[in-house]
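Engineer: Once you've had a glance at the structure underneath, I'll fire off some questions.
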Amino acid sequence: MTIKTRFAPSPTGYLHVGGARTALFSWLYARRHGGQFVLRIEDTDLERSTEDSVNAILEGMAWLDLDHDEGPYFQTQRFDRYNEVIDELLERGHAYRCTCSKERIDKLREEQMANKQKPRYDGHCRGRDIDPAEPHVVRFLNPQQGEVVIDDLIRGRIVVDNSELDDLIIRRSDGSPTYNLSVVVDDHDMGITHVIRGDDHINNTPRQINMFAAMGWSIPAFGHVPMILGDDGARLSKRHGAVSVMQYKQDGYLPEALLNYLVRLGWSHGDQELFSREEMIALFDLDAVNRSPSAFNTDKLVWVNQQYIKQADLDRLAGLVAEFLDADGIVYADGAPLAAVIDAQRERAGTLVELAQLCHFYYRDFDAVDPAAAKKAFKDGADAALAAVRERLEAIDDWCREAIHAVVADTVEALGVGFGKVAMPLRVAVTGGAPSPDLDLTVHLVGKAATLRRIDAAIAAIQGRG
């Protein structure tokens with residue numbers, strides 16, 4: 001049997017991280033077993049579905065590089081097929097027309113809740129001969145005896161009595177099919193063998209299994225992935241920060257880092273934290289997915305992202321960081337090679353946004369030195385030390401790390417002071433107090449003209465303070 005999974009989001013908003021994790025698990029399961037992965041857009045909710053949301057989902061999947069073998073399919077393009085199946089269910093006696101008014105249903109539910117009963121349709125129209133020309137909905141005739149057994153690939157065996165399930169609507173009064181019916185038809189027609197989805201669908205599964213059985217179709221295997229919680233234990237939502245996949249791109253995360261974090265959010269392989277895409281495919285399986293909800297930890301995501309930034313291809317990283325620098329109005333074309341600056345700073349950055357900010361001072365003079373750094377570095381005698389090192393730096397013909405290092409060492413020796421008395425004020429004068437690598441590398445990348453200009457500004461600030 002060829003494994004075939006699917007990711008079937010509703011286009012009523014962005015692709016959120018919970019959906020992205022479900023897509024990843026489905027994608028990995030298919031890839032691990034040499035199967036196929038289908039993308040399906042479940043847009044039967046005509047009022048809430050939007051083209052912008054469809055584009056957001058496709059954009060998010062493309063950014064994460066979760067490629068699909070089939071699709072995207074759109075349910076709105078398959079209404080004729082759904083209605084064909086509904087008509088067949090009616091003919092077979094597995095569905096019936098219902099003319100119960102909204103008022104009757106509301107009253108029924110109020111009475112049931114008052115009696116502490118589970119709100120459900122009471123089967124009032126079962127067995128009634130209703131004229132198809134009369135306004136009606138179509139309900140699935142759920143079996144009233146027996147039970148549905150789900151051998152969930154993640155949660156284990158789940159048993160639901162059919163007496164707990166009511167006759168859900170499968171076609172609305174306007175003739176449009178509903179979600180549960182459409183999903184069953186799609187999964188059958190598309191040959192889906194494994195349905196991996198969020199555990200918010202568990203209540204739908206026994207109903208859908210009964211529809212598969214009513215049509216005499218093969219029933220796929222089901223695996224329900226637990227939800228993702230925020231740091232506070234509540235379900236992950238906007239108030240916990242970025243939940244849209246593309247927001248993470250804007251916040252400076254690498255797609256491979258987000259995927260790595262998401263795969264570990266509820267799945268593990270020993271103590272290993274970092275996985276290449278190839279390792280994910282080779283190692284992932286559903287039996288190692290945790291049954292309990294997972295808590296989203298932004299600090300851990302930042303750490304994972306930092307590891308990927310450290311090992312990313314420099315040219316690719318430079319291209320990504322350049323977009324953030326452009327947005328910040330930083331002109332870098334005439335300064336040190338961006339790749340060299342990034343290589344010097346990338347171990348200090350958790351995100352591409354941070355990395356871009358750490359690159360600012362190499363290309364643009366700062367308005368003022370950080371007060372805390374100035375207080376620590378610009379002590380008595382700092383202006384004289386800066387003046388002395390400036391004179392030697394100005395005399396350098398070949399602006400290279402070796403020459404800069406030699407100048408600092410010569411200045412220290414000439415002044416008869418400790419290395420920090422020269423190096424610390426020079427570093428702060430050149431960087432403004434921003435984190436930076438070795439002093440000679442920093443000064444080399446900032447460039448001669450900018451270094452001398454900033455030393456002059458620092459001396460003036462120190463003397464003006466006095």
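Identifiers in the structure tokens: chain A, B, ... in order shown; residue index from 1 per chain; ligand index from 1 in order shown.
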Skipping near chain neighbours, those fewer than 6 positions away, what residues fall within 10 Å of Pro255 in chain A using only C-alpha atoms, listed as a ChimeraX atom specification?
Structural biologist: /A:60,62-65,245-246,248-249,261,305,308
Engineer: Residues at most 8 Å from range 160-169 of chain A, counting only C-alpha atoms, excluding those fewer than 6 positions away in the same chain, as a tab-separated table (two decimals) with C-alpha atoms, in the first residue's frame?
Structural biologist:
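Listing of part30.tsv after writing:
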```
chain	number	residue	atom	x	y	z
A	120	ARG	CA	-28.18	16.86	20.28
A	121	TYR	CA	-30.69	16.44	17.51
A	122	ASP	CA	-33.49	14.03	18.55
A	123	GLY	CA	-34.14	12.40	15.18
A	137	VAL	CA	-31.57	20.09	5.18
A	138	VAL	CA	-30.19	16.59	4.74
A	139	ARG	CA	-28.98	14.69	7.80
A	140	PHE	CA	-26.79	11.61	7.96
A	141	LEU	CA	-28.61	8.71	9.60
A	142	ASN	CA	-26.06	7.74	12.20
A	143	PRO	CA	-26.28	4.13	13.43
A	144	GLN	CA	-28.11	3.97	16.74
A	145	GLN	CA	-26.54	0.74	17.95
A	146	GLY	CA	-22.96	-0.42	18.40
A	147	GLU	CA	-19.78	1.58	18.77
A	148	VAL	CA	-17.01	3.18	16.75
A	149	VAL	CA	-13.48	1.97	17.52
A	178	THR	CA	-21.04	20.58	5.11
A	206	PRO	CA	-16.38	8.70	14.67
A	207	ARG	CA	-19.01	10.50	12.60
```
Engineer: For Pro435 in chain A, which of A:His405, A:Arg454, A:Lys102, A:His360 is the closest residue, counting only C-alpha atoms?
Structural biologist: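 So, comparing all the options, the nearest one is A:His360.
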Engineer: Give me, as a VMD selection string, all polymer residues having an atom no more than 8 Å from Lys310 in chain A, counting only C-alpha atoms and skipping those fewer than 3 positions away in the same chain.
Structural biologist: chain A and resid 306 to 307 346 to 347
Engineer: Would you save the residues of that selection, restricted to C-alpha atoms, as an mmCIF file, in the first residue's frame?
Structural biologist:
```cif
data_model
loop_
_atom_site.group_PDB
_atom_site.id
_atom_site.type_symbol
_atom_site.label_atom_id
_atom_site.label_comp_id
_atom_site.auth_asym_id
_atom_site.auth_seq_id
_atom_site.Cartn_x
_atom_site.Cartn_y
_atom_site.Cartn_z
ATOM 1 C CA GLN A 306 20.693 30.795 16.645
ATOM 2 C CA GLN A 307 22.212 27.380 15.965
ATOM 3 C CA ARG A 346 26.334 35.888 13.681
ATOM 4 C CA GLU A 347 27.215 33.985 16.856
#
```
Engineer: Here is a test: counting only C-alpha atoms, which residue of A:Gly432, A:Gly191, A:Pro425, A:Gly420 is nearest to Ala382 in chain A?
Structural biologist: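 Of the candidates, the smallest distance to Ala382 in chain A is held by A:Pro425.
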